>>> print(open('model_0.txt').read())   # compact mmCIF, N, CA and C atoms
# COMPACT_ATOMS: atom_id res chain seq x y z
N MET E 1 9.04 6.10 24.58
CA MET E 1 8.81 6.99 23.44
C MET E 1 7.93 8.14 23.91
N ASN E 2 8.30 9.35 23.51
CA ASN E 2 7.46 10.49 23.84
C ASN E 2 7.26 11.36 22.60
N VAL E 3 6.38 12.32 22.72
CA VAL E 3 5.99 13.17 21.59
C VAL E 3 7.19 13.92 21.03
N SER E 4 8.04 14.46 21.88
CA SER E 4 9.17 15.25 21.37
C SER E 4 10.13 14.39 20.55
N GLN E 5 10.31 13.13 20.89
CA GLN E 5 11.17 12.24 20.10
C GLN E 5 10.59 12.02 18.71
N ILE E 6 9.28 11.87 18.63
CA ILE E 6 8.63 11.65 17.34
C ILE E 6 8.73 12.92 16.49
N ILE E 7 8.48 14.06 17.09
CA ILE E 7 8.58 15.33 16.37
C ILE E 7 10.02 15.57 15.91
N THR E 8 11.00 15.30 16.77
CA THR E 8 12.40 15.46 16.38
C THR E 8 12.73 14.58 15.18
N GLY E 9 12.25 13.34 15.20
CA GLY E 9 12.46 12.44 14.07
C GLY E 9 11.84 12.98 12.80
N ALA E 10 10.65 13.56 12.91
CA ALA E 10 9.97 14.13 11.74
C ALA E 10 10.73 15.34 11.22
N ILE E 11 11.16 16.21 12.10
CA ILE E 11 11.91 17.40 11.68
C ILE E 11 13.22 16.98 11.00
N ASN E 12 13.86 15.94 11.53
CA ASN E 12 15.09 15.44 10.91
C ASN E 12 14.84 14.90 9.50
N LYS E 13 13.61 14.50 9.22
CA LYS E 13 13.25 14.01 7.89
C LYS E 13 12.73 15.13 6.99
N GLY E 14 12.68 16.34 7.52
CA GLY E 14 12.29 17.47 6.69
C GLY E 14 10.95 18.09 7.02
N ALA E 15 10.32 17.67 8.10
CA ALA E 15 9.05 18.28 8.49
C ALA E 15 9.27 19.73 8.90
N CYS E 16 8.26 20.52 8.73
CA CYS E 16 8.30 21.94 9.09
C CYS E 16 8.60 22.09 10.58
N VAL E 17 9.42 23.07 10.92
CA VAL E 17 9.76 23.33 12.32
C VAL E 17 8.50 23.64 13.13
N GLN E 18 7.45 24.14 12.48
CA GLN E 18 6.18 24.40 13.16
C GLN E 18 5.61 23.13 13.79
N SER E 19 6.08 21.96 13.34
CA SER E 19 5.62 20.69 13.91
C SER E 19 5.92 20.61 15.39
N SER E 20 6.93 21.34 15.83
CA SER E 20 7.30 21.28 17.25
C SER E 20 6.21 21.85 18.15
N LYS E 21 5.19 22.45 17.57
CA LYS E 21 4.08 22.95 18.38
C LYS E 21 3.24 21.81 18.97
N ALA E 22 3.39 20.61 18.42
CA ALA E 22 2.70 19.45 19.00
C ALA E 22 3.41 19.09 20.30
N THR E 23 2.70 19.20 21.40
CA THR E 23 3.32 19.00 22.71
C THR E 23 2.75 17.81 23.48
N ASP E 24 1.66 17.25 22.98
CA ASP E 24 1.07 16.07 23.64
C ASP E 24 0.53 15.14 22.56
N TRP E 25 0.04 13.99 22.97
CA TRP E 25 -0.42 12.99 22.00
C TRP E 25 -1.60 13.49 21.18
N LYS E 26 -2.50 14.20 21.81
CA LYS E 26 -3.66 14.72 21.10
C LYS E 26 -3.25 15.69 19.99
N SER E 27 -2.34 16.62 20.30
CA SER E 27 -1.90 17.58 19.28
C SER E 27 -1.06 16.90 18.20
N LEU E 28 -0.34 15.85 18.57
CA LEU E 28 0.43 15.10 17.57
C LEU E 28 -0.51 14.42 16.58
N VAL E 29 -1.58 13.82 17.08
CA VAL E 29 -2.55 13.16 16.20
C VAL E 29 -3.26 14.21 15.34
N TRP E 30 -3.59 15.36 15.92
CA TRP E 30 -4.21 16.43 15.13
C TRP E 30 -3.29 16.80 13.96
N LEU E 31 -2.00 16.92 14.24
CA LEU E 31 -1.02 17.23 13.20
C LEU E 31 -1.00 16.13 12.13
N PHE E 32 -1.06 14.89 12.54
CA PHE E 32 -1.07 13.74 11.63
C PHE E 32 -2.25 13.81 10.67
N PHE E 33 -3.41 14.22 11.16
CA PHE E 33 -4.62 14.30 10.32
C PHE E 33 -4.68 15.57 9.47
N SER E 34 -3.83 16.55 9.74
CA SER E 34 -3.85 17.78 8.95
C SER E 34 -3.38 17.51 7.52
N PRO E 35 -3.76 18.34 6.55
CA PRO E 35 -3.30 18.12 5.17
C PRO E 35 -1.78 18.04 5.06
N GLN E 36 -1.07 18.92 5.75
CA GLN E 36 0.39 18.92 5.70
C GLN E 36 0.96 17.67 6.37
N GLY E 37 0.35 17.28 7.46
CA GLY E 37 0.81 16.08 8.17
C GLY E 37 0.62 14.83 7.34
N ARG E 38 -0.54 14.70 6.71
CA ARG E 38 -0.80 13.53 5.85
C ARG E 38 0.19 13.50 4.70
N GLU E 39 0.44 14.67 4.09
CA GLU E 39 1.38 14.74 2.97
C GLU E 39 2.80 14.35 3.42
N PHE E 40 3.24 14.88 4.55
CA PHE E 40 4.57 14.55 5.05
C PHE E 40 4.70 13.06 5.33
N CYS E 41 3.71 12.49 6.01
CA CYS E 41 3.76 11.06 6.35
C CYS E 41 3.74 10.19 5.09
N ARG E 42 2.94 10.59 4.12
CA ARG E 42 2.89 9.86 2.85
C ARG E 42 4.24 9.93 2.13
N ASP E 43 4.79 11.12 2.01
CA ASP E 43 6.02 11.30 1.25
C ASP E 43 7.24 10.67 1.92
N ASN E 44 7.21 10.53 3.23
CA ASN E 44 8.36 10.02 3.98
C ASN E 44 8.12 8.66 4.62
N ASN E 45 6.92 8.10 4.41
CA ASN E 45 6.55 6.82 5.03
C ASN E 45 6.91 6.84 6.53
N TYR E 46 6.51 7.92 7.16
CA TYR E 46 6.83 8.17 8.56
C TYR E 46 5.55 8.41 9.33
N PRO E 47 5.41 7.93 10.50
CA PRO E 47 6.29 7.08 11.29
C PRO E 47 6.33 5.64 10.77
N SER E 48 7.38 4.94 11.12
CA SER E 48 7.51 3.53 10.75
C SER E 48 6.51 2.70 11.56
N ILE E 49 6.29 1.47 11.13
CA ILE E 49 5.38 0.60 11.88
C ILE E 49 5.92 0.35 13.29
N GLU E 50 7.21 0.26 13.44
CA GLU E 50 7.81 0.05 14.77
C GLU E 50 7.52 1.23 15.68
N LEU E 51 7.64 2.43 15.11
CA LEU E 51 7.37 3.64 15.90
C LEU E 51 5.90 3.71 16.29
N PHE E 52 5.01 3.38 15.35
CA PHE E 52 3.60 3.35 15.69
C PHE E 52 3.32 2.34 16.79
N ARG E 53 3.97 1.18 16.74
CA ARG E 53 3.76 0.17 17.79
C ARG E 53 4.14 0.72 19.16
N SER E 54 5.20 1.52 19.20
CA SER E 54 5.66 2.04 20.49
C SER E 54 4.73 3.11 21.05
N MET E 55 3.93 3.75 20.20
CA MET E 55 3.03 4.80 20.70
C MET E 55 1.56 4.39 20.66
N LYS E 56 1.30 3.14 20.33
CA LYS E 56 -0.06 2.63 20.15
C LYS E 56 -1.00 3.03 21.30
N GLN E 57 -0.62 2.78 22.51
CA GLN E 57 -1.51 3.03 23.64
C GLN E 57 -1.83 4.51 23.81
N TYR E 58 -0.96 5.39 23.33
CA TYR E 58 -1.15 6.82 23.50
C TYR E 58 -2.02 7.45 22.42
N VAL E 59 -1.98 6.87 21.20
CA VAL E 59 -2.68 7.50 20.08
C VAL E 59 -4.05 6.89 19.80
N GLU E 60 -4.29 5.69 20.30
CA GLU E 60 -5.58 5.05 20.05
C GLU E 60 -6.77 5.85 20.55
N PRO E 61 -6.70 6.51 21.71
CA PRO E 61 -7.84 7.31 22.16
C PRO E 61 -8.21 8.44 21.19
N TYR E 62 -7.30 8.78 20.28
CA TYR E 62 -7.53 9.87 19.34
C TYR E 62 -7.77 9.38 17.91
N GLY E 63 -8.07 8.08 17.76
CA GLY E 63 -8.48 7.57 16.45
C GLY E 63 -7.39 6.96 15.59
N VAL E 64 -6.24 6.65 16.17
CA VAL E 64 -5.15 6.00 15.42
C VAL E 64 -5.02 4.58 15.98
N PHE E 65 -5.39 3.60 15.16
CA PHE E 65 -5.42 2.21 15.61
C PHE E 65 -4.29 1.43 14.94
N VAL E 66 -3.44 0.82 15.75
CA VAL E 66 -2.26 0.12 15.28
C VAL E 66 -2.47 -1.38 15.43
N GLU E 67 -2.54 -2.06 14.29
CA GLU E 67 -2.70 -3.52 14.25
C GLU E 67 -3.84 -3.99 15.16
N ASN E 68 -4.91 -3.21 15.13
CA ASN E 68 -6.06 -3.49 15.97
C ASN E 68 -7.31 -3.37 15.09
N PRO E 69 -7.87 -4.49 14.62
CA PRO E 69 -9.05 -4.41 13.74
C PRO E 69 -10.20 -3.70 14.44
N VAL E 70 -10.85 -2.80 13.71
CA VAL E 70 -11.96 -2.04 14.28
C VAL E 70 -13.13 -2.00 13.31
N GLU E 71 -14.29 -1.72 13.86
CA GLU E 71 -15.48 -1.36 13.08
C GLU E 71 -15.98 -0.07 13.69
N LYS E 72 -15.96 1.01 12.90
CA LYS E 72 -16.31 2.33 13.40
C LYS E 72 -17.29 3.01 12.46
N CYS E 73 -17.99 4.00 12.99
CA CYS E 73 -18.98 4.75 12.21
C CYS E 73 -18.74 6.25 12.40
N ASN E 74 -18.68 6.97 11.28
CA ASN E 74 -18.59 8.43 11.27
C ASN E 74 -17.48 8.98 12.16
N GLU E 75 -16.25 8.49 11.94
CA GLU E 75 -15.10 8.98 12.69
C GLU E 75 -13.93 9.20 11.75
N ASP E 76 -13.16 10.27 12.01
CA ASP E 76 -11.84 10.37 11.39
C ASP E 76 -11.01 9.26 12.00
N ILE E 77 -10.25 8.56 11.16
CA ILE E 77 -9.55 7.39 11.68
C ILE E 77 -8.30 7.12 10.88
N ALA E 78 -7.27 6.64 11.58
CA ALA E 78 -6.05 6.17 10.93
C ALA E 78 -5.89 4.70 11.30
N LEU E 79 -5.71 3.88 10.29
CA LEU E 79 -5.53 2.45 10.49
C LEU E 79 -4.11 2.10 10.08
N ILE E 80 -3.37 1.53 11.01
CA ILE E 80 -1.94 1.32 10.82
C ILE E 80 -1.62 -0.15 11.00
N GLY E 81 -0.90 -0.73 10.04
CA GLY E 81 -0.43 -2.11 10.17
C GLY E 81 -1.46 -3.12 9.71
N GLU E 82 -1.02 -4.35 9.62
CA GLU E 82 -1.84 -5.45 9.12
C GLU E 82 -3.10 -5.61 9.98
N SER E 83 -4.23 -5.29 9.40
CA SER E 83 -5.52 -5.46 10.08
C SER E 83 -6.63 -5.30 9.05
N ASP E 84 -7.74 -5.97 9.29
CA ASP E 84 -8.93 -5.85 8.45
C ASP E 84 -9.96 -5.04 9.22
N ASN E 85 -10.47 -3.98 8.59
CA ASN E 85 -11.33 -3.02 9.29
C ASN E 85 -12.59 -2.75 8.48
N ILE E 86 -13.65 -2.36 9.19
CA ILE E 86 -14.91 -2.00 8.54
C ILE E 86 -15.29 -0.60 9.04
N LEU E 87 -15.52 0.29 8.07
CA LEU E 87 -15.87 1.68 8.39
C LEU E 87 -17.18 2.03 7.72
N HIS E 88 -18.03 2.77 8.43
CA HIS E 88 -19.32 3.21 7.91
C HIS E 88 -19.40 4.73 7.99
N TYR E 89 -19.84 5.36 6.90
CA TYR E 89 -20.03 6.81 6.88
C TYR E 89 -21.41 7.10 6.33
N ASP E 90 -22.15 7.93 7.07
CA ASP E 90 -23.55 8.18 6.76
C ASP E 90 -23.87 9.63 7.12
N GLY E 91 -24.27 10.42 6.14
CA GLY E 91 -24.72 11.78 6.43
C GLY E 91 -23.71 12.85 6.06
N VAL E 92 -24.13 14.08 6.28
CA VAL E 92 -23.38 15.24 5.81
C VAL E 92 -22.82 16.11 6.94
N ASP E 93 -22.63 15.54 8.12
CA ASP E 93 -22.14 16.33 9.24
C ASP E 93 -20.78 16.96 8.96
N LYS E 94 -19.92 16.24 8.26
CA LYS E 94 -18.58 16.74 7.94
C LYS E 94 -17.97 15.84 6.88
N ALA E 95 -16.84 16.28 6.33
CA ALA E 95 -16.05 15.41 5.45
C ALA E 95 -15.07 14.65 6.35
N TYR E 96 -15.12 13.34 6.28
CA TYR E 96 -14.31 12.50 7.17
C TYR E 96 -12.98 12.16 6.52
N LYS E 97 -12.00 11.83 7.36
CA LYS E 97 -10.66 11.45 6.89
C LYS E 97 -10.38 10.01 7.31
N VAL E 98 -9.83 9.25 6.36
CA VAL E 98 -9.37 7.89 6.63
C VAL E 98 -7.93 7.80 6.13
N ILE E 99 -7.02 7.39 7.01
CA ILE E 99 -5.62 7.19 6.66
C ILE E 99 -5.32 5.70 6.81
N LEU E 100 -4.72 5.14 5.77
CA LEU E 100 -4.32 3.72 5.78
C LEU E 100 -2.81 3.65 5.60
N MET E 101 -2.12 2.98 6.52
CA MET E 101 -0.66 2.86 6.43
C MET E 101 -0.21 1.46 6.80
N HIS E 102 0.93 1.09 6.25
CA HIS E 102 1.64 -0.12 6.63
C HIS E 102 0.79 -1.38 6.54
N GLY E 103 0.01 -1.49 5.46
CA GLY E 103 -0.73 -2.73 5.20
C GLY E 103 -2.14 -2.80 5.76
N ALA E 104 -2.65 -1.72 6.32
CA ALA E 104 -4.03 -1.74 6.85
C ALA E 104 -5.01 -1.91 5.69
N ARG E 105 -6.07 -2.67 5.93
CA ARG E 105 -7.11 -2.90 4.93
C ARG E 105 -8.45 -2.46 5.51
N ALA E 106 -9.29 -1.86 4.62
CA ALA E 106 -10.59 -1.37 5.10
C ALA E 106 -11.66 -1.56 4.04
N LYS E 107 -12.83 -1.99 4.49
CA LYS E 107 -14.05 -1.91 3.69
C LYS E 107 -14.75 -0.66 4.19
N ILE E 108 -15.03 0.26 3.26
CA ILE E 108 -15.58 1.56 3.63
C ILE E 108 -16.96 1.69 2.99
N TYR E 109 -17.98 1.70 3.83
CA TYR E 109 -19.36 1.84 3.38
C TYR E 109 -19.75 3.31 3.48
N ILE E 110 -20.17 3.89 2.35
CA ILE E 110 -20.60 5.28 2.35
C ILE E 110 -22.05 5.35 1.88
N ARG E 111 -22.81 6.28 2.45
CA ARG E 111 -24.23 6.43 2.08
C ARG E 111 -24.71 7.80 2.52
N ASN E 112 -25.90 8.13 2.07
CA ASN E 112 -26.59 9.33 2.54
C ASN E 112 -25.74 10.60 2.38
N TYR E 113 -25.12 10.75 1.20
CA TYR E 113 -24.36 11.94 0.83
C TYR E 113 -23.10 12.16 1.66
N SER E 114 -22.61 11.13 2.31
CA SER E 114 -21.38 11.29 3.09
C SER E 114 -20.19 11.51 2.17
N VAL E 115 -19.18 12.21 2.70
CA VAL E 115 -17.95 12.49 1.98
C VAL E 115 -16.79 11.98 2.83
N VAL E 116 -15.93 11.16 2.20
CA VAL E 116 -14.80 10.58 2.90
C VAL E 116 -13.54 10.81 2.07
N ARG E 117 -12.53 11.42 2.69
CA ARG E 117 -11.22 11.61 2.05
C ARG E 117 -10.33 10.46 2.50
N ILE E 118 -9.78 9.73 1.54
CA ILE E 118 -8.94 8.57 1.84
C ILE E 118 -7.49 8.89 1.49
N GLU E 119 -6.62 8.73 2.46
CA GLU E 119 -5.18 8.87 2.25
C GLU E 119 -4.59 7.47 2.39
N ASN E 120 -4.30 6.87 1.25
CA ASN E 120 -3.79 5.50 1.24
C ASN E 120 -2.28 5.51 1.13
N ILE E 121 -1.62 5.20 2.24
CA ILE E 121 -0.16 5.15 2.30
C ILE E 121 0.21 3.69 2.56
N SER E 122 0.26 2.92 1.52
CA SER E 122 0.62 1.49 1.59
C SER E 122 -0.41 0.65 2.35
N GLY E 123 -1.67 0.91 2.11
CA GLY E 123 -2.74 0.08 2.62
C GLY E 123 -3.62 -0.33 1.45
N SER E 124 -4.80 -0.81 1.73
CA SER E 124 -5.76 -1.12 0.67
C SER E 124 -7.17 -0.92 1.20
N TYR E 125 -8.09 -0.68 0.26
CA TYR E 125 -9.46 -0.39 0.67
C TYR E 125 -10.42 -0.80 -0.44
N GLU E 126 -11.66 -0.96 -0.03
CA GLU E 126 -12.78 -1.18 -0.95
C GLU E 126 -13.87 -0.21 -0.55
N ILE E 127 -14.40 0.52 -1.53
CA ILE E 127 -15.50 1.46 -1.27
C ILE E 127 -16.80 0.78 -1.67
N ILE E 128 -17.77 0.79 -0.77
CA ILE E 128 -19.11 0.30 -1.07
C ILE E 128 -20.05 1.49 -0.93
N ASN E 129 -20.48 2.02 -2.08
CA ASN E 129 -21.35 3.20 -2.10
C ASN E 129 -22.80 2.67 -2.05
N VAL E 130 -23.30 2.49 -0.86
CA VAL E 130 -24.53 1.76 -0.59
C VAL E 130 -25.71 2.30 -1.40
N ASP E 131 -25.93 3.60 -1.33
CA ASP E 131 -27.09 4.17 -2.03
C ASP E 131 -26.69 5.05 -3.22
N LYS E 132 -25.42 4.98 -3.59
CA LYS E 132 -24.86 5.74 -4.74
C LYS E 132 -24.86 7.25 -4.54
N THR E 133 -24.99 7.71 -3.29
CA THR E 133 -24.97 9.15 -3.03
C THR E 133 -23.69 9.60 -2.33
N GLY E 134 -22.92 8.67 -1.79
CA GLY E 134 -21.69 9.01 -1.07
C GLY E 134 -20.59 9.40 -2.05
N GLU E 135 -19.56 10.06 -1.51
CA GLU E 135 -18.44 10.50 -2.34
C GLU E 135 -17.14 10.15 -1.62
N ALA E 136 -16.27 9.42 -2.31
CA ALA E 136 -14.94 9.11 -1.78
C ALA E 136 -13.93 9.95 -2.53
N LEU E 137 -13.14 10.72 -1.80
CA LEU E 137 -12.08 11.55 -2.39
C LEU E 137 -10.75 10.85 -2.15
N ILE E 138 -10.07 10.53 -3.23
CA ILE E 138 -8.86 9.72 -3.11
C ILE E 138 -7.67 10.49 -3.63
>>> encode(input="model_0.txt", output="structure tokens")
Amino acid sequence: MNVSQIITGAINKGACVQSSKATDWKSLVWLFFSPQGREFCRDNNYPSIELFRSMKQYVEPYGVFVENPVEKCNEDIALIGESDNILHYDGVDKAYKVILMHGARAKIYIRNYSVVRIENISGSYEIINVDKTGEALI
């Protein structure tokens, strides 16, 4: 599996031709986290879990974890497939993105005025607003 095959599949499903600008795994993941990318993936349930499994080793360095339970702090992250995950967000450095797909589950702890945007595409989550100052955008 390579990046161009994934992009071709997305374009065949109606993704913008501009998607072809993704030429490596890093740019593909950047596209996935973009507002348009999240919307396309949500609306088309794309990529499939099988496709994610085939690219797992290539996308994990960029924050996309496939059926791999993680505990992370202050990172944009995509959790894909059956797994239980713990995420912590603390502070105002940026608004973070969390994508849940294909059955991923997450406990998301927010505090200290952190802002987290959650894109739930067939996953589940629980928000724990530790000090009642965090904000989850759903």
>>> atom_distance(input="model_0.txt", atom1="atom C of Tyr89 in chain E", atom2="atom C of Lys72 in chain E")
8.4 Å
>>> residues_around(input="model_0.txt", residues="Ser122 in chain E", least_positions_apart="4", cutoff="6.5 Å", atoms="only N, CA and C atoms", output="PDB file with N, CA and C atoms, keeping the file's coordinate frame")
ATOM      1  N   LEU E 100      -4.720   5.140   5.770  1.00  0.00           N
ATOM      2  CA  LEU E 100      -4.320   3.720   5.780  1.00  0.00           C
ATOM      3  C   LEU E 100      -2.810   3.650   5.600  1.00  0.00           C
ATOM      4  N   MET E 101      -2.120   2.980   6.520  1.00  0.00           N
ATOM      5  CA  MET E 101      -0.660   2.860   6.430  1.00  0.00           C
ATOM      6  C   MET E 101      -0.210   1.460   6.800  1.00  0.00           C
ATOM      7  N   HIS E 102       0.930   1.090   6.250  1.00  0.00           N
ATOM      8  CA  HIS E 102       1.640  -0.120   6.630  1.00  0.00           C
ATOM      9  C   HIS E 102       0.790  -1.380   6.540  1.00  0.00           C
ATOM     10  N   GLY E 103       0.010  -1.490   5.460  1.00  0.00           N
ATOM     11  CA  GLY E 103      -0.730  -2.730   5.200  1.00  0.00           C
ATOM     12  C   GLY E 103      -2.140  -2.800   5.760  1.00  0.00           C
ATOM     13  N   ALA E 104      -2.650  -1.720   6.320  1.00  0.00           N
ATOM     14  CA  ALA E 104      -4.030  -1.740   6.850  1.00  0.00           C
ATOM     15  C   ALA E 104      -5.010  -1.910   5.690  1.00  0.00           C
TER      16      ALA E 104
END
>>> closest_residue(input="model_0.txt", among="E:Cys41, E:Tyr113, E:Val29, E:Pro35", to="Val59 in chain E", atoms="all atoms listed in the file")
E:Val29
>>> residues_around(input="model_0.txt", residues="Met1 in chain E", least_positions_apart="4", cutoff="8 Å", atoms="all atoms listed in the file", output="list in words")
Gln5, Ile6, Ser54 and Met55 of chain E
>>> closest_residue(input="model_0.txt", among="E:Gln36, E:Asn74, E:Ser48, E:Gln18", to="Ser114 in chain E", atoms="only C-alpha atoms")
E:Asn74
>>> closest_residue(input="model_0.txt", among="E:Glu82, E:Ile110, E:Arg105, E:Ile11", to="Tyr125 in chain E", atoms="only N, CA and C atoms")
E:Arg105
>>> closest_residue(input="model_0.txt", among="E:Leu31, E:Val66, E:Val92, E:Ile118", to="Arg53 in chain E", atoms="only C-alpha atoms")
E:Val66
>>> atom_distance(input="model_0.txt", atom1="atom N of Glu67 in chain E", atom2="atom C of Tyr109 in chain E")
21.0 Å
>>> residues_near_point(input="model_0.txt", point="(-4.0, 11.8, 11.5)", cutoff="8 Å", atoms="only N, CA and C atoms", output="short mmCIF file (atom, residue, chain, number, x, y, z; two decimals) with N, CA and C atoms, in the frame of the given file")
data_model
loop_
_atom_site.label_atom_id
_atom_site.label_comp_id
_atom_site.auth_asym_id
_atom_site.auth_seq_id
_atom_site.Cartn_x
_atom_site.Cartn_y
_atom_site.Cartn_z
N LEU E 28 -0.34 15.85 18.57
CA LEU E 28 0.43 15.10 17.57
C LEU E 28 -0.51 14.42 16.58
N VAL E 29 -1.58 13.82 17.08
CA VAL E 29 -2.55 13.16 16.20
C VAL E 29 -3.26 14.21 15.34
N TRP E 30 -3.59 15.36 15.92
CA TRP E 30 -4.21 16.43 15.13
C TRP E 30 -3.29 16.80 13.96
N LEU E 31 -2.00 16.92 14.24
CA LEU E 31 -1.02 17.23 13.20
C LEU E 31 -1.00 16.13 12.13
N PHE E 32 -1.06 14.89 12.54
CA PHE E 32 -1.07 13.74 11.63
C PHE E 32 -2.25 13.81 10.67
N PHE E 33 -3.41 14.22 11.16
CA PHE E 33 -4.62 14.30 10.32
C PHE E 33 -4.68 15.57 9.47
N SER E 34 -3.83 16.55 9.74
CA SER E 34 -3.85 17.78 8.95
C SER E 34 -3.38 17.51 7.52
N GLY E 37 0.35 17.28 7.46
CA GLY E 37 0.81 16.08 8.17
C GLY E 37 0.62 14.83 7.34
N ARG E 38 -0.54 14.70 6.71
CA ARG E 38 -0.80 13.53 5.85
C ARG E 38 0.19 13.50 4.70
N TYR E 62 -7.30 8.78 20.28
CA TYR E 62 -7.53 9.87 19.34
C TYR E 62 -7.77 9.38 17.91
N GLY E 63 -8.07 8.08 17.76
CA GLY E 63 -8.48 7.57 16.45
C GLY E 63 -7.39 6.96 15.59
N VAL E 64 -6.24 6.65 16.17
CA VAL E 64 -5.15 6.00 15.42
C VAL E 64 -5.02 4.58 15.98
N ASP E 76 -13.16 10.27 12.01
CA ASP E 76 -11.84 10.37 11.39
C ASP E 76 -11.01 9.26 12.00
N ILE E 77 -10.25 8.56 11.16
CA ILE E 77 -9.55 7.39 11.68
C ILE E 77 -8.30 7.12 10.88
N ALA E 78 -7.27 6.64 11.58
CA ALA E 78 -6.05 6.17 10.93
C ALA E 78 -5.89 4.70 11.30
N LYS E 97 -12.00 11.83 7.36
CA LYS E 97 -10.66 11.45 6.89
C LYS E 97 -10.38 10.01 7.31
N VAL E 98 -9.83 9.25 6.36
CA VAL E 98 -9.37 7.89 6.63
C VAL E 98 -7.93 7.80 6.13
N ILE E 99 -7.02 7.39 7.01
CA ILE E 99 -5.62 7.19 6.66
C ILE E 99 -5.32 5.70 6.81
#
>>> closest_residue(input="model_0.txt", among="E:Val115, E:Gln57, E:Ile121, E:Lys94", to="Gly134 in chain E", atoms="all atoms listed in the file")
E:Val115
>>> residues_around(input="model_0.txt", residues="Ile127 in chain E", least_positions_apart="3", cutoff="8 Å", atoms="all atoms listed in the file", output="PyMOL selection string")
chain E and resi 106-110+124+130+136
>>> atom_distance(input="model_0.txt", atom1="CA of Gly81 in chain E", atom2="CA of Lys56 in chain E")
11.1 Å
>>> closest_residue(input="model_0.txt", among="E:Asn68, E:Ser20, E:Asn112, E:Ser83", to="Thr8 in chain E", atoms="all atoms listed in the file")
E:Ser20
>>> axis_aligned_box(input="model_0.txt", around="range 80-95 of chain E", padding_each_side="3 Å", output="AutoDock Vina command-line options")
--center_x -12.6 --center_y 5.5 --center_z 8.2 --size_x 30.3 --size_y 28.9 --size_z 11.6
>>> select_by_dssp(input="model_0.txt", residues="chain E", states="helix (DSSP H, G or I)", output="ChimeraX atom specification")
/E:3-12,17-21,25-33,35-44,49-62
>>> build_atoms(input="model_0.txt", residues="range 120-131 of chain E", atoms="N, CA, C and O atoms", output="short mmCIF file (atom, residue, chain, number, x, y, z; two decimals), in the coordinates of the input")
data_model
loop_
_atom_site.label_atom_id
_atom_site.label_comp_id
_atom_site.auth_asym_id
_atom_site.auth_seq_id
_atom_site.Cartn_x
_atom_site.Cartn_y
_atom_site.Cartn_z
N ASN E 120 -4.30 6.87 1.25
CA ASN E 120 -3.79 5.50 1.24
C ASN E 120 -2.28 5.51 1.13
O ASN E 120 -1.72 5.80 0.08
N ILE E 121 -1.62 5.20 2.24
CA ILE E 121 -0.16 5.15 2.30
C ILE E 121 0.21 3.69 2.56
O ILE E 121 0.34 3.28 3.70
N SER E 122 0.26 2.92 1.52
CA SER E 122 0.62 1.49 1.59
C SER E 122 -0.41 0.65 2.35
O SER E 122 -0.04 -0.22 3.13
N GLY E 123 -1.67 0.91 2.11
CA GLY E 123 -2.74 0.08 2.62
C GLY E 123 -3.62 -0.33 1.45
O GLY E 123 -3.22 -0.21 0.29
N SER E 124 -4.80 -0.81 1.73
CA SER E 124 -5.76 -1.12 0.67
C SER E 124 -7.17 -0.92 1.20
O SER E 124 -7.41 -0.97 2.40
N TYR E 125 -8.09 -0.68 0.26
CA TYR E 125 -9.46 -0.39 0.67
C TYR E 125 -10.42 -0.80 -0.44
O TYR E 125 -10.04 -0.95 -1.60
N GLU E 126 -11.66 -0.96 -0.03
CA GLU E 126 -12.78 -1.18 -0.95
C GLU E 126 -13.87 -0.21 -0.55
O GLU E 126 -14.22 -0.12 0.63
N ILE E 127 -14.40 0.52 -1.53
CA ILE E 127 -15.50 1.46 -1.27
C ILE E 127 -16.80 0.78 -1.67
O ILE E 127 -16.93 0.27 -2.78
N ILE E 128 -17.77 0.79 -0.77
CA ILE E 128 -19.11 0.30 -1.07
C ILE E 128 -20.05 1.49 -0.93
O ILE E 128 -20.32 1.95 0.18
N ASN E 129 -20.48 2.02 -2.08
CA ASN E 129 -21.35 3.20 -2.10
C ASN E 129 -22.80 2.67 -2.05
O ASN E 129 -23.43 2.43 -3.08
N VAL E 130 -23.30 2.49 -0.86
CA VAL E 130 -24.53 1.76 -0.59
C VAL E 130 -25.71 2.30 -1.40
O VAL E 130 -26.41 1.54 -2.06
N ASP E 131 -25.93 3.60 -1.33
CA ASP E 131 -27.09 4.17 -2.03
C ASP E 131 -26.69 5.05 -3.22
O ASP E 131 -27.50 5.80 -3.75
#
